[in-house]
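Student: final-v1.pdb is the file, holding PDB, C-alpha atoms:
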ATOM      1  CA  MET A   1       0.315 -21.901  19.741
ATOM      2  CA  SER A   2      -1.619 -25.008  20.597
ATOM      3  CA  ARG A   3       0.803 -26.444  23.030
ATOM      4  CA  LEU A   4       0.347 -28.419  26.197
ATOM      5  CA  THR A   5       3.036 -28.515  28.868
ATOM      6  CA  LEU A   6       2.906 -30.747  31.917
ATOM      7  CA  VAL A   7       5.509 -31.055  34.661
ATOM      8  CA  ARG A   8       5.776 -33.976  37.066
ATOM      9  CA  ARG A   9       8.134 -34.747  39.942
ATOM     10  CA  ILE A  10       8.855 -38.459  40.024
ATOM     11  CA  ALA A  11      10.648 -40.262  42.861
ATOM     12  CA  ALA A  12      12.814 -42.317  40.513
ATOM     13  CA  ARG A  13      16.159 -41.697  38.838
ATOM     14  CA  PRO A  14      16.110 -40.359  35.239
ATOM     15  CA  SER A  15      17.394 -43.631  33.712
ATOM     16  CA  ILE A  16      14.443 -45.545  35.193
ATOM     17  CA  VAL A  17      11.985 -42.908  33.959
ATOM     18  CA  PHE A  18      13.580 -42.967  30.506
ATOM     19  CA  ASP A  19      13.201 -46.758  30.333
ATOM     20  CA  ALA A  20       9.596 -46.507  31.457
ATOM     21  CA  LEU A  21       8.981 -44.029  28.622
ATOM     22  CA  THR A  22      10.619 -46.084  25.898
ATOM     23  CA  THR A  23      10.420 -49.825  26.595
ATOM     24  CA  PRO A  24       7.305 -51.781  25.511
ATOM     25  CA  GLU A  25       7.111 -53.257  29.004
ATOM     26  CA  GLY A  26       7.151 -49.787  30.568
ATOM     27  CA  ILE A  27       4.673 -48.321  28.077
ATOM     28  CA  ALA A  28       2.234 -51.161  28.738
ATOM     29  CA  HIS A  29       1.968 -49.929  32.326
ATOM     30  CA  TRP A  30       1.016 -46.316  31.775
ATOM     31  CA  TRP A  31      -0.008 -45.343  28.234
ATOM     32  CA  GLY A  32      -3.590 -44.111  27.852
ATOM     33  CA  PRO A  33      -6.162 -41.695  29.285
ATOM     34  CA  ASP A  34      -7.761 -44.279  31.589
ATOM     35  CA  ASP A  35      -6.753 -47.633  33.050
ATOM     36  CA  GLY A  36      -7.796 -49.684  30.008
ATOM     37  CA  PRO A  37      -5.162 -52.091  28.648
ATOM     38  CA  VAL A  38      -2.338 -51.424  26.203
ATOM     39  CA  LEU A  39      -2.779 -53.935  23.357
ATOM     40  CA  VAL A  40       0.329 -53.263  21.280
ATOM     41  CA  ALA A  41       3.545 -51.472  22.222
ATOM     42  CA  GLU A  42       6.401 -51.413  19.743
ATOM     43  CA  THR A  43       9.427 -49.164  19.981
ATOM     44  CA  ASP A  44      12.619 -48.781  17.996
ATOM     45  CA  VAL A  45      14.367 -46.219  20.161
ATOM     46  CA  ARG A  46      16.865 -44.494  17.895
ATOM     47  CA  VAL A  47      16.686 -41.375  15.760
ATOM     48  CA  GLY A  48      14.548 -42.312  12.752
ATOM     49  CA  GLY A  49      13.126 -45.360  14.530
ATOM     50  CA  ARG A  50       9.377 -45.610  15.104
ATOM     51  CA  PHE A  51       6.932 -46.374  17.875
ATOM     52  CA  ARG A  52       3.399 -47.723  17.690
ATOM     53  CA  VAL A  53       1.045 -48.072  20.644
ATOM     54  CA  ARG A  54      -2.526 -49.346  20.611
ATOM     55  CA  PHE A  55      -4.758 -49.217  23.676
ATOM     56  CA  ARG A  56      -8.337 -49.937  24.635
ATOM     57  CA  MET A  57     -10.262 -47.541  26.816
ATOM     58  CA  ARG A  58     -12.761 -48.615  29.430
ATOM     59  CA  ASP A  59     -15.611 -47.659  27.106
ATOM     60  CA  GLY A  60     -14.328 -50.367  24.710
ATOM     61  CA  SER A  61     -12.991 -47.974  22.057
ATOM     62  CA  GLU A  62      -9.523 -48.701  20.687
ATOM     63  CA  HIS A  63      -7.013 -46.029  19.734
ATOM     64  CA  GLU A  64      -3.597 -46.177  18.167
ATOM     65  CA  SER A  65      -0.877 -43.602  17.850
ATOM     66  CA  SER A  66       2.478 -43.885  16.169
ATOM     67  CA  GLY A  67       5.379 -41.693  15.226
ATOM     68  CA  GLU A  68       9.068 -41.328  14.702
ATOM     69  CA  TYR A  69      11.783 -40.703  17.283
ATOM     70  CA  LEU A  70      13.387 -37.401  16.342
ATOM     71  CA  GLU A  71      15.821 -37.032  19.253
ATOM     72  CA  VAL A  72      16.970 -39.780  21.586
ATOM     73  CA  ARG A  73      19.332 -38.746  24.394
ATOM     74  CA  PRO A  74      19.053 -41.180  27.301
ATOM     75  CA  PRO A  75      18.409 -40.423  30.066
ATOM     76  CA  GLU A  76      17.591 -36.749  29.549
ATOM     77  CA  ARG A  77      15.634 -36.035  26.382
ATOM     78  CA  LEU A  78      13.201 -37.691  23.991
ATOM     79  CA  VAL A  79      11.449 -36.053  21.033
ATOM     80  CA  MET A  80       8.959 -37.798  18.784
ATOM     81  CA  SER A  81       6.417 -37.051  16.117
ATOM     82  CA  TRP A  82       2.875 -38.210  16.865
ATOM     83  CA  ARG A  83      -0.111 -39.155  14.770
ATOM     84  CA  TRP A  84      -3.377 -40.929  15.627
ATOM     85  CA  LEU A  85      -4.450 -43.803  13.397
ATOM     86  CA  GLY A  86      -7.748 -42.808  11.791
ATOM     87  CA  GLY A  87      -7.226 -39.250  12.943
ATOM     88  CA  GLU A  88     -10.464 -38.853  14.885
ATOM     89  CA  GLU A  89      -8.756 -37.356  17.903
ATOM     90  CA  ASP A  90      -6.578 -35.022  15.834
ATOM     91  CA  PRO A  91      -6.021 -35.498  12.091
ATOM     92  CA  ASN A  92      -2.694 -33.691  12.102
ATOM     93  CA  GLU A  93       0.778 -34.727  13.006
ATOM     94  CA  SER A  94       1.985 -33.263  16.279
ATOM     95  CA  ARG A  95       5.188 -33.311  18.270
ATOM     96  CA  VAL A  96       6.040 -34.534  21.757
ATOM     97  CA  GLU A  97       9.136 -33.409  23.665
ATOM     98  CA  ILE A  98      10.077 -34.902  27.002
ATOM     99  CA  ASP A  99      12.902 -33.595  29.169
ATOM    100  CA  LEU A 100      14.137 -35.356  32.283
ATOM    101  CA  ARG A 101      16.078 -33.345  34.823
ATOM    102  CA  PRO A 102      17.692 -34.951  37.848
ATOM    103  CA  VAL A 103      16.477 -33.365  41.093
ATOM    104  CA  PRO A 104      17.074 -34.398  44.715
ATOM    105  CA  GLY A 105      15.110 -37.586  45.264
ATOM    106  CA  GLY A 106      14.333 -38.227  41.623
ATOM    107  CA  THR A 107      13.433 -36.626  38.321
ATOM    108  CA  GLU A 108      11.544 -33.633  37.088
ATOM    109  CA  LEU A 109       9.758 -34.558  33.879
ATOM    110  CA  THR A 110       8.593 -31.833  31.500
ATOM    111  CA  LEU A 111       6.371 -32.900  28.630
ATOM    112  CA  THR A 112       5.376 -30.588  25.797
ATOM    113  CA  HIS A 113       2.887 -31.691  23.159
ATOM    114  CA  SER A 114       2.595 -29.170  20.314
ATOM    115  CA  ALA A 115       0.404 -28.947  17.253
ATOM    116  CA  LEU A 116       2.249 -28.454  13.996
ATOM    117  CA  PHE A 117       1.004 -25.819  11.628
ATOM    118  CA  SER A 118       1.739 -24.613   8.138
ATOM    119  CA  GLU A 119       4.932 -22.738   7.320
ATOM    120  CA  GLU A 120       3.022 -19.470   7.206
ATOM    121  CA  THR A 121       1.586 -19.821  10.678
ATOM    122  CA  ARG A 122       4.902 -20.972  12.035
ATOM    123  CA  ARG A 123       6.604 -17.886  10.620
ATOM    124  CA  SER A 124       4.103 -15.490  12.085
ATOM    125  CA  HIS A 125       4.422 -17.381  15.319
ATOM    126  CA  GLU A 126       8.162 -16.839  15.385
ATOM    127  CA  GLU A 127       7.718 -13.179  14.539
ATOM    128  CA  GLY A 128       5.308 -12.202  17.225
ATOM    129  CA  TRP A 129       4.112 -14.880  19.513
ATOM    130  CA  SER A 130       3.755 -14.433  23.220
ATOM    131  CA  GLY A 131       2.311 -16.386  26.109
ATOM    132  CA  ALA A 132      -0.752 -14.168  26.044
ATOM    133  CA  LEU A 133      -2.451 -16.343  23.456
ATOM    134  CA  ASP A 134      -1.936 -19.423  25.547
ATOM    135  CA  LYS A 135      -3.629 -17.640  28.396
ATOM    136  CA  LEU A 136      -6.485 -16.623  26.161
ATOM    137  CA  VAL A 137      -7.021 -20.154  24.832
ATOM    138  CA  ARG A 138      -6.727 -21.479  28.354
ATOM    139  CA  HIS A 139      -9.327 -19.009  29.480
ATOM    140  CA  PHE A 140     -11.708 -20.456  26.901
ATOM    141  CA  THR A 141     -10.859 -23.972  27.978
ATOM    142  CA  LYS A 142     -11.841 -23.015  31.503
ATOM    143  CA  ALA A 143     -15.049 -21.463  30.296
ATOM    144  CA  ILE A 144     -16.007 -24.748  28.671
ATOM    145  CA  THR A 145     -14.978 -27.172  31.391
ATOM    146  CA  PRO A 146     -15.324 -25.971  34.947
ATOM    147  CA  ASP A 147     -13.458 -29.049  36.196
ATOM    148  CA  ASN A 148      -9.952 -27.907  35.497
ATOM    149  CA  HIS A 149      -7.237 -30.471  35.399
ATOM    150  CA  LYS A 150      -4.451 -29.630  37.711
ATOM    151  CA  GLY A 151      -0.828 -29.624  36.830
ATOM    152  CA  ALA A 152      -1.271 -28.126  33.389
ATOM    153  CA  SER A 153       0.184 -24.944  32.059
ATOM    154  CA  ALA A 154       0.324 -23.628  28.570
TER     155      ALA A 154
ATOM    156  CA  MET B 155      -9.105 -32.942   7.465
ATOM    157  CA  VAL B 156      -7.417 -30.353   5.301
ATOM    158  CA  ASN B 157     -10.183 -27.964   6.296
ATOM    159  CA  TYR B 158      -9.589 -28.654   9.952
ATOM    160  CA  GLN B 159      -5.901 -27.839   9.533
ATOM    161  CA  ALA B 160      -6.657 -24.703   7.517
ATOM    162  CA  ARG B 161      -9.183 -23.525  10.101
ATOM    163  CA  LEU B 162      -6.839 -24.031  13.016
ATOM    164  CA  ASP B 163      -4.090 -22.319  11.043
ATOM    165  CA  ARG B 164      -6.308 -19.304  10.386
ATOM    166  CA  THR B 165      -7.340 -19.102  14.012
ATOM    167  CA  PHE B 166      -3.808 -19.136  15.292
ATOM    168  CA  ALA B 167      -2.550 -16.725  12.626
ATOM    169  CA  ALA B 168      -5.280 -14.265  13.605
ATOM    170  CA  LEU B 169      -4.361 -14.622  17.258
ATOM    171  CA  VAL B 170      -0.665 -13.874  16.797
ATOM    172  CA  ASP B 171      -1.165 -10.119  16.867
ATOM    173  CA  PRO B 172      -1.355  -8.466  20.323
ATOM    174  CA  THR B 173      -3.898  -5.838  19.210
ATOM    175  CA  ARG B 174      -6.213  -8.542  17.918
ATOM    176  CA  ARG B 175      -5.799 -10.509  21.118
ATOM    177  CA  ALA B 176      -6.656  -7.407  23.145
ATOM    178  CA  ILE B 177      -9.791  -6.893  21.028
ATOM    179  CA  LEU B 178     -10.857 -10.501  21.609
ATOM    180  CA  ALA B 179     -10.146 -10.330  25.319
ATOM    181  CA  ARG B 180     -12.324  -7.229  25.559
ATOM    182  CA  LEU B 181     -15.167  -8.816  23.573
ATOM    183  CA  GLU B 182     -14.905 -11.822  25.823
ATOM    184  CA  ARG B 183     -15.522  -9.548  28.823
ATOM    185  CA  GLU B 184     -18.097  -7.205  27.360
ATOM    186  CA  ASP B 185     -20.126  -9.373  25.007
ATOM    187  CA  ALA B 186     -20.449  -6.632  22.359
ATOM    188  CA  ALA B 187     -18.783  -3.343  21.474
ATOM    189  CA  THR B 188     -18.908  -0.803  18.680
ATOM    190  CA  VAL B 189     -15.925  -0.293  16.411
ATOM    191  CA  SER B 190     -15.176   3.130  17.878
ATOM    192  CA  GLU B 191     -15.363   1.753  21.427
ATOM    193  CA  LEU B 192     -12.912  -0.952  20.439
ATOM    194  CA  ALA B 193     -10.557   1.570  18.848
ATOM    195  CA  ARG B 194     -10.494   3.931  21.832
ATOM    196  CA  PRO B 195      -7.838   2.231  24.024
ATOM    197  CA  PHE B 196      -5.410   1.885  21.129
ATOM    198  CA  THR B 197      -3.034   4.505  19.810
ATOM    199  CA  ILE B 198      -3.540   3.230  16.256
ATOM    200  CA  LYS B 199      -6.020   4.896  13.926
ATOM    201  CA  LEU B 200      -9.507   3.652  13.156
ATOM    202  CA  PRO B 201      -8.645   2.269   9.671
ATOM    203  CA  ALA B 202      -5.921   0.124  11.261
ATOM    204  CA  VAL B 203      -8.425  -1.207  13.776
ATOM    205  CA  MET B 204     -10.811  -1.960  10.909
ATOM    206  CA  LYS B 205      -8.066  -3.983   9.256
ATOM    207  CA  HIS B 206      -7.559  -6.053  12.385
ATOM    208  CA  LEU B 207     -11.311  -6.607  12.555
ATOM    209  CA  ASP B 208     -11.216  -7.860   8.951
ATOM    210  CA  VAL B 209      -8.623 -10.478   9.885
ATOM    211  CA  LEU B 210     -10.629 -11.591  12.909
ATOM    212  CA  ASP B 211     -13.774 -11.726  10.795
ATOM    213  CA  GLN B 212     -12.089 -13.856   8.119
ATOM    214  CA  ALA B 213     -10.853 -16.242  10.799
ATOM    215  CA  GLY B 214     -14.454 -16.529  11.990
ATOM    216  CA  LEU B 215     -13.594 -15.152  15.414
ATOM    217  CA  ILE B 216     -16.000 -12.201  15.380
ATOM    218  CA  THR B 217     -19.238 -11.101  13.759
ATOM    219  CA  ARG B 218     -20.099  -7.538  12.756
ATOM    220  CA  SER B 219     -23.597  -6.151  12.475
ATOM    221  CA  LYS B 220     -24.497  -2.720  11.189
ATOM    222  CA  SER B 221     -27.307  -0.589  12.489
ATOM    223  CA  GLY B 222     -27.430   2.873  10.957
ATOM    224  CA  ARG B 223     -23.905   4.235  11.243
ATOM    225  CA  THR B 224     -22.932   2.004  14.145
ATOM    226  CA  VAL B 225     -21.134  -1.293  13.646
ATOM    227  CA  THR B 226     -21.403  -3.672  16.592
ATOM    228  CA  VAL B 227     -18.780  -6.357  17.018
ATOM    229  CA  ARG B 228     -19.346  -9.630  18.830
ATOM    230  CA  LEU B 229     -17.171 -12.589  19.656
ATOM    231  CA  ARG B 230     -17.748 -15.858  17.825
ATOM    232  CA  PRO B 231     -15.982 -18.340  20.025
ATOM    233  CA  ALA B 232     -16.304 -21.542  17.947
ATOM    234  CA  PRO B 233     -12.821 -21.470  16.335
ATOM    235  CA  MET B 234     -11.225 -20.613  19.649
ATOM    236  CA  ARG B 235     -13.135 -23.488  21.177
ATOM    237  CA  GLN B 236     -11.627 -25.804  18.583
ATOM    238  CA  ALA B 237      -8.152 -24.727  19.643
ATOM    239  CA  ALA B 238      -9.138 -25.211  23.273
ATOM    240  CA  ASP B 239     -10.553 -28.672  22.478
ATOM    241  CA  TRP B 240      -7.226 -29.676  21.016
ATOM    242  CA  LEU B 241      -5.516 -28.674  24.213
ATOM    243  CA  ARG B 242      -8.030 -30.393  26.434
ATOM    244  CA  ARG B 243      -7.906 -33.688  24.553
ATOM    245  CA  TYR B 244      -4.149 -34.025  24.976
ATOM    246  CA  GLU B 245      -4.314 -32.794  28.520
ATOM    247  CA  ARG B 246      -6.692 -35.610  29.384
ATOM    248  CA  PHE B 247      -4.436 -38.166  27.710
ATOM    249  CA  TRP B 248      -1.160 -37.026  29.231
ATOM    250  CA  SER B 249      -2.406 -36.144  32.706
ATOM    251  CA  THR B 250      -3.511 -39.704  33.403
ATOM    252  CA  SER B 251      -0.651 -41.292  31.480
ATOM    253  CA  LEU B 252       2.002 -39.345  33.391
ATOM    254  CA  ASP B 253       0.415 -40.143  36.753
ATOM    255  CA  ARG B 254       0.633 -43.831  35.927
ATOM    256  CA  LEU B 255       4.129 -43.463  34.478
ATOM    257  CA  ALA B 256       5.242 -41.889  37.756
ATOM    258  CA  ALA B 257       3.695 -44.700  39.817
ATOM    259  CA  TYR B 258       5.364 -47.340  37.636
ATOM    260  CA  ALA B 259       8.810 -45.666  37.667
ATOM    261  CA  GLU B 260       8.616 -45.152  41.434
ATOM    262  CA  ALA B 261       7.875 -48.857  41.976
ATOM    263  CA  LYS B 262      10.855 -49.716  39.746
ATOM    264  CA  GLU B 263      13.059 -47.322  41.710
ATOM    265  CA  ALA B 264      12.009 -48.854  45.031
ATOM    266  CA  ALA B 265      12.721 -52.369  43.723
ATOM    267  CA  LYS B 266      16.117 -51.299  42.433
ATOM    268  CA  ARG B 267      17.052 -49.732  45.780
ATOM    269  CA  THR B 268      16.130 -52.917  47.584
ATOM    270  CA  ASP B 269      18.329 -54.881  45.160
ATOM    271  CA  GLU B 270      21.210 -52.461  45.648
ATOM    272  CA  GLU B 271      20.938 -52.651  49.422
ATOM    273  CA  GLU B 272      20.890 -56.428  49.361
ATOM    274  CA  GLY B 273      23.905 -56.409  47.039
ATOM    275  CA  ARG B 274      25.807 -54.313  49.546
ATOM    276  CA  GLN B 275      25.111 -56.612  52.487
TER     277      GLN B 275
END
Would you mind giving the structure from this file in structure tokens?
Tutor:
Amino acid sequence: MSRLTLVRRIAARPSIVFDALTTPEGIAHWWGPDDGPVLVAETDVRVGGRFRVRFRMRDGSEHESSGEYLEVRPPERLVMSWRWLGGEEDPNESRVEIDLRPVPGGTELTLTHSALFSEETRRSHEEGWSGALDKLVRHFTKAITPDNHKGASA
Amino acid sequence: MVNYQARLDRTFAALVDPTRRAILARLEREDAATVSELARPFTIKLPAVMKHLDVLDQAGLITRSKSGRTVTVRLRPAPMRQAADWLRRYERFWSTSLDRLAAYAEAKEAAKRTDEEEGRQ
């Protein structure tokens, strides 16, 4: 399965991390793959509510993603659908799950971003998937980019 | 866009099976192998291996070339690369985003603790 999982230890209580994840003010401080500015951040944090975030990267390109909140359980879990406007980065809808676990001194955040596939693929996935594929895909990722990002597991 | 989805779907469907993954992993290591070489480590019969090779071929993951009675199989990594690209793109996005999220939340936490301590005094 195309699925990215990242884990971070954060020296802040879960309620603060949850607010940072969901408030427009919080999102404006962190959203995006480089330190370019967030231009629009709108959130309606309830099941069925939507978010929309637009940011500009340092190369001047602008990108926007939006989606629907599917699970909202402050301060421990947030699930949302995800789609890029224009679809250049990824034309398909995907899914983001974030779990916040209190640990001594703060929060352990686990983020999983998964691609969504057709019913058929999903079924075969449920029937016989194992972590081996993730390893295989990861192996290819390594073969392509020698500069591996740390902190990632699949 | 539909094609992109269908291609990714086919790639992942082909990769679900452990025998097919083992075949790919071996081709990744060895560059090329004949069908009978590929079949040797498995307990399944040659026709079953051929069937797996058909699925991998249809997903565009391998190529087969025939020379006399020998069929040589090679890896065609493009579809796998597409799956890997997907992963890498989101990894880039979230890695940086989460680092900055952590820095922001930690600053908020520090400010809140200062407030709480002042409130207590």
Student: Please work out which residues fall within 7 Å of (21.4, -34.0, 34.1), coordinates as given in the file, with only C-alpha atoms counting, and return them as a PyMOL selection string.
Tutor: chain A and resi 76+101-102
Student: For atom CA of Thr173 of chain B and atom CA of Pro201 of chain B, determine how far apart the two atoms are, in Å to one decimal place.
Tutor: 13.4 Å
Student: Going by the chain IDs and residue numbers used in this file, which residues fall under the PyMOL selection byres ((chain A and resi 14) around 9)? Write them as a list in words.
Tutor: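 Selection result, ordered by chain and number: Ile10, Ala12, Arg13, Ser15, Ile16, Val17, Phe18, Asp19, Pro74, Pro75, Glu76, Leu100, Arg101, Pro102, Gly106, Thr107, Glu108 and Leu109 of chain A.
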Student: With only C-alpha atoms as the atoms that count, which of B:Ala186, B:Ala232, B:Ile198, B:Ala237 lies nearest to chain A?
Tutor: B:Ala237
Student: Using all atoms listed in the file, determine which residues lie at most 8 Å from Leu255 of chain B, disregarding the query and same-chain residues fewer than 6 positions distant; provide the list as a PyMOL selection string.
Tutor: chain A and resi 17+20-21+29-31
Student: What residues come out when you apply the PyMOL selection byres ((chain A and resi 38) around 12) to this file, written as a ChimeraX atom specification?
Tutor: /A:24-37,39-42,52-58,61-65 /B:251
Student: Carefully work through the PyMOL selection byres ((chain A and resi 78) around 10) for this structure and note down the residues it includes, as number ranges by chain.
Tutor: A: 18, 21-22, 45-47, 69-77, 79-80, 96-100, 111
Student: Check the smallest atom-to-atom distance from each of B:Phe247, B:Arg161, B:Leu210, B:Arg183 to chain A using only C-alpha atoms, then report the winner.
Tutor: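 Closest residue, counting only C-alpha atoms: B:Phe247.
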Student: Can you tell me which residues surround Leu178 of chain B at a distance of at most 10 Å, considering all atoms listed in the file, apart from same-chain residues fewer than 6 positions away, and format the answer as a VMD selection string?
Tutor: (chain A and resid 136) or (chain B and resid 169 172 184 to 185 192 207 210 215 to 216 228 to 231)
Student: Show me, as a PyMOL selection string, the residues of chain B whose atoms get within 9 Å of chain A, using only C-alpha atoms for the distance check.
Tutor: chain B and resi 155-156+158-160+162-164+166-167+169-172+175+178-179+231+234-235+237-264
Student: So how many Å separate atom CA of Val227 of chain B and atom CA of Asp211 of chain B, to one decimal?
Tutor: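 These atoms are spaced 9.6 Å apart.
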